[in-house]
Amino acid sequence: MRALTWQGKESVSVETVPDPVVEQPNDAIIRVTSTAICGSDLHLYKVLGAFLDPGDVLGHETMGIVEEVGPEAGDLKVGDRVVVPFNISCGTCWMCSRGLYAQCETTQVRSQGKGASLFGYTELYGSVPGGQAEYLRIPQAQFGPVKVPEGFEDERFLYLSDILPTAWQAFEFADVPEDGTVAVFGLGPIGQLTARIALRAGRRVIGVDRVAERLDLARSWGVEVIDMEAVDDVPGAILDLTDGRGADGTVDAVGMEAHGSPVAEKLIGAVGMLPDMLAKPLTDKLGFDRLAALKFAIKSVRRGGTVSVSGVYGGEVDPMPMMEMFDRGITMRLGQCHVRRWTDDIAKVLQQDTDVLGVESFATHRLSLEEAPAAYEMFQKKQDGCIKVVLKP
């Protein structure tokens with residue numbers, strides 16, 4: 001089959017690789033009909049290369065048609081149309097029974113000290129081949145895949161794999177009261193959908209970004225936007241919009257890719273040039289991140305408010321403003337999305353006659369799988385108004 005493979009720092013290519021096969025009784029194989037590039041894939045493209053090997057298949061936003069099932073794949077059957085959550089969970093262990101699917105004890109990568117295995121996301125998370133390919137093997141198929149009803153285009157349900165549940169969790173974790181305000185930092189795919197979910201729930205939404213196309217898109221949905229290139233003090237601007245109090249909840253939808261931390265950016269780039277044996281411990285145990293978005297989120301939330309972090313971070317020695325966080329009594333909620341915790345609720349919204357979250361028109365670029373390498377570069381550099389890329393194998 002053809003698949004998008006990692007080849008080196010900022011280097012990916014589409015190659016012919018072996019077709020996946022059923023390896024465990026609860027596996028399934030799907031023929032991929034749509035797959036997307038996620039902002040988290042950009043971390044692999046540049047920052048986390050030490051944990052990848054040339055030829056690793058990337059991608060974790062995938063849907064398709066079931067081609068083969070193992071004897072213990074539950075009620076899944078050949079011909080079912082499914083969307084695949086990015087984290088791999090069993091549904092029955094101690095963690096899963098409490099809705100903590102991103103911490104599934106059956107698929108935890110204990111050798112790396114990490115949570116549930118993820119599709120296409122480095123040896124830190126199990127080295128499971130990803131879905132930017134013609135076919136995908138799905139472990140724990142008795143629980144993970146979400147069946148998609150007929151009569152809808154792929155893109156109505158594709159984002160159930162990651163960005164919609166992640167945005168839904170980001171809003172839920174922010175704990176914004178019914179008459180409250182949420183400030184969303186980063187208006188990429190997660191930020192845009194978080195804003196739409198919050199607006200649908202009747203909240204006031206302030207969005208912060210530096211890219212004109214992203215600001216314009218959010219504004220068109222009713223978000224009050226702040227261009228961080230046009231203001232000297234982003235938290236101060238949010239305080240001005242909230243009577244000096246701050247937002248009730250803030251969402252960091254950026255993570256380690258944040259702009260505004262030039263020293264950290266240079267250091268991360270330097271680590272990325274080291275041999276893997278040196279880069280791995282520096283990245284995993286002594287890592288540091290670009291914290292501009294997170295610090296803005298902390299400084300913009302009101303006293304007693306909640307900071308929700310959906311952006312991916314990799315550092316362990318990042319300095320945090322602990323005195324300010326303690327004095328202001330803020331709550332922080334963060335972590336990988338527990339996808340299956342939210343999919344049933346989101347599916348009900350997606351099955352409405354009207355596309356209330358605008359997901360069918362969300363992708364700015366629809367390309368073939370063979371065009372994926374150019375799409376990665378375009379997405380990373382925010383060229384051509386790129387907000388979301390959907391690939392068709």
# chains A, B, ... in the order shown; residues from 1 in each chain; ligands from 1

call {"tool": "residues_around", "arguments": {"residues": "A:Phe119", "least_positions_apart": "5", "cutoff": "12 Å", "atoms": "only C-alpha atoms", "output": "PyMOL selection string"}}
result
chain A and resi 40-41+56-62+84-89+107+124-133+136-139+144+161-162

call {"tool": "residues_around", "arguments": {"residues": "A:Ser300", "least_positions_apart": "4", "cutoff": "6 Å", "atoms": "only C-alpha atoms", "output": "number ranges by chain"}}
result
A: 235, 246, 296

call {"tool": "closest_residue", "arguments": {"among": "A:Gly222, A:Pro20, A:Pro321, A:Gly49", "to": "A:Tyr121", "atoms": "only C-alpha atoms"}}
result
A:Gly49

call {"tool": "atom_distance", "arguments": {"atom1": "atom CA of A:Phe157", "atom2": "atom CA of A:Val83"}}
result
7.0 Å

call {"tool": "residues_around", "arguments": {"residues": "A:Leu52", "least_positions_apart": "2", "cutoff": "8 Å", "atoms": "only C-alpha atoms", "output": "list of chain:residue names"}}
result
A:Trp6, A:Leu44, A:Leu48, A:Gly49, A:Ala50, A:Pro54, A:Asp56, A:Thr122, A:Glu123

call {"tool": "write_last_selection", "arguments": {"atoms": "C-alpha atoms", "output": "CSV table (one decimal), in the first residue's frame"}}
result
chain,number,residue,atom,x,y,z
A,6,TRP,CA,8.6,10.0,8.3
A,44,LEU,CA,6.6,15.0,14.7
A,48,LEU,CA,9.9,14.9,18.2
A,49,GLY,CA,12.0,13.3,15.5
A,50,ALA,CA,14.3,11.6,17.9
A,54,PRO,CA,12.7,6.5,8.9
A,56,ASP,CA,7.3,5.1,10.3
A,122,THR,CA,6.4,7.8,17.9
A,123,GLU,CA,7.9,5.1,20.2

call {"tool": "select_by_dssp", "arguments": {"residues": "stretch 47-259 of chain A", "states": "alpha helix (DSSP H)", "output": "compact mmCIF listing (two decimals) with C-alpha atoms, in the first residue's frame"}}
result
# COMPACT_ATOMS: atom_id res chain seq x y z
CA ASP A 154 -16.95 11.66 5.27
CA GLU A 155 -16.15 15.12 6.54
CA ARG A 156 -19.30 15.29 8.66
CA PHE A 157 -17.74 12.58 10.88
CA ILE A 163 -10.09 17.44 16.78
CA LEU A 164 -13.82 17.55 17.55
CA PRO A 165 -13.57 15.53 20.80
CA THR A 166 -10.41 17.44 21.72
CA ALA A 167 -12.21 20.75 21.22
CA TRP A 168 -15.27 19.46 23.09
CA GLN A 169 -13.10 18.38 26.03
CA ALA A 170 -11.22 21.70 25.94
CA PHE A 171 -14.49 23.56 26.39
CA GLU A 172 -15.81 21.17 29.05
CA PHE A 173 -12.54 21.37 31.00
CA ALA A 174 -12.63 25.20 30.95
CA PRO A 189 -8.38 23.59 13.94
CA ILE A 190 -8.78 22.90 17.68
CA GLY A 191 -9.26 26.55 18.57
CA GLN A 192 -11.79 27.15 15.79
CA LEU A 193 -13.90 24.17 16.83
CA THR A 194 -13.60 25.00 20.54
CA ALA A 195 -14.92 28.48 19.77
CA ARG A 196 -17.85 27.08 17.77
CA ILE A 197 -18.74 24.60 20.50
CA ALA A 198 -18.63 27.38 23.12
CA LEU A 199 -20.76 29.68 20.97
CA ARG A 200 -23.29 26.90 20.45
CA ALA A 212 -5.27 36.88 9.41
CA GLU A 213 -7.19 34.01 7.81
CA ARG A 214 -7.74 32.33 11.16
CA LEU A 215 -8.87 35.56 12.78
CA ASP A 216 -11.28 36.23 9.92
CA LEU A 217 -12.75 32.72 10.07
CA ALA A 218 -13.36 32.95 13.82
CA ARG A 219 -14.85 36.43 13.44
CA SER A 220 -17.27 35.14 10.81
CA VAL A 234 -2.66 40.25 25.07
CA PRO A 235 -3.73 39.46 28.67
CA GLY A 236 -4.26 43.18 29.22
CA ALA A 237 -6.50 43.33 26.16
CA ILE A 238 -8.60 40.46 27.52
CA LEU A 239 -8.88 42.16 30.90
CA ASP A 240 -10.09 45.30 29.12
CA LEU A 241 -12.82 43.25 27.42

call {"tool": "closest_residue", "arguments": {"among": "A:Arg341, A:Lys381, A:Lys299, A:Lys147", "to": "A:Arg328", "atoms": "only C-alpha atoms"}}
result
A:Lys299

call {"tool": "select_by_dssp", "arguments": {"residues": "stretch 84-330 of chain A", "states": "strand (DSSP E or B)", "output": "ChimeraX atom specification"}}
result
/A:84,87,118-119,128,133,135-138,146-147,181-185,204-209,224-227,247-252,301-309

call {"tool": "closest_residue", "arguments": {"among": "A:Asp248, A:Glu134, A:Asp227, A:Asp53", "to": "A:Gly305", "atoms": "only C-alpha atoms"}}
result
A:Asp248

call {"tool": "atom_distance", "arguments": {"atom1": "atom CA of A:Tyr101", "atom2": "atom CA of A:His338"}}
result
4.8 Å

call {"tool": "residues_around", "arguments": {"residues": "stretch 64-70 of chain A", "least_positions_apart": "4", "cutoff": "10 Å", "atoms": "only C-alpha atoms", "output": "ChimeraX atom specification"}}
result
/A:21-35,74-84,131,134-139,141-142,145,147-148,154,158

call {"tool": "residues_around", "arguments": {"residues": "A:Gln103", "least_positions_apart": "5", "cutoff": "7 Å", "atoms": "only C-alpha atoms", "output": "JSON, numbers by chain"}}
result
{"A": [95, 108, 115, 116]}

call {"tool": "write_last_selection", "arguments": {"atoms": "C-alpha atoms", "output": "mmCIF file, in the first residue's frame"}}
result
data_model
loop_
_atom_site.group_PDB
_atom_site.id
_atom_site.type_symbol
_atom_site.label_atom_id
_atom_site.label_comp_id
_atom_site.auth_asym_id
_atom_site.auth_seq_id
_atom_site.Cartn_x
_atom_site.Cartn_y
_atom_site.Cartn_z
ATOM 1 C CA MET A 95 -8.989 3.700 33.693
ATOM 2 C CA GLN A 108 -0.328 2.090 28.216
ATOM 3 C CA GLY A 115 -0.416 6.723 28.672
ATOM 4 C CA ALA A 116 -2.514 4.891 26.095
#

call {"tool": "residues_around", "arguments": {"residues": "A:Ala247", "least_positions_apart": "6", "cutoff": "7 Å", "atoms": "only C-alpha atoms", "output": "count of residues only"}}
result
6
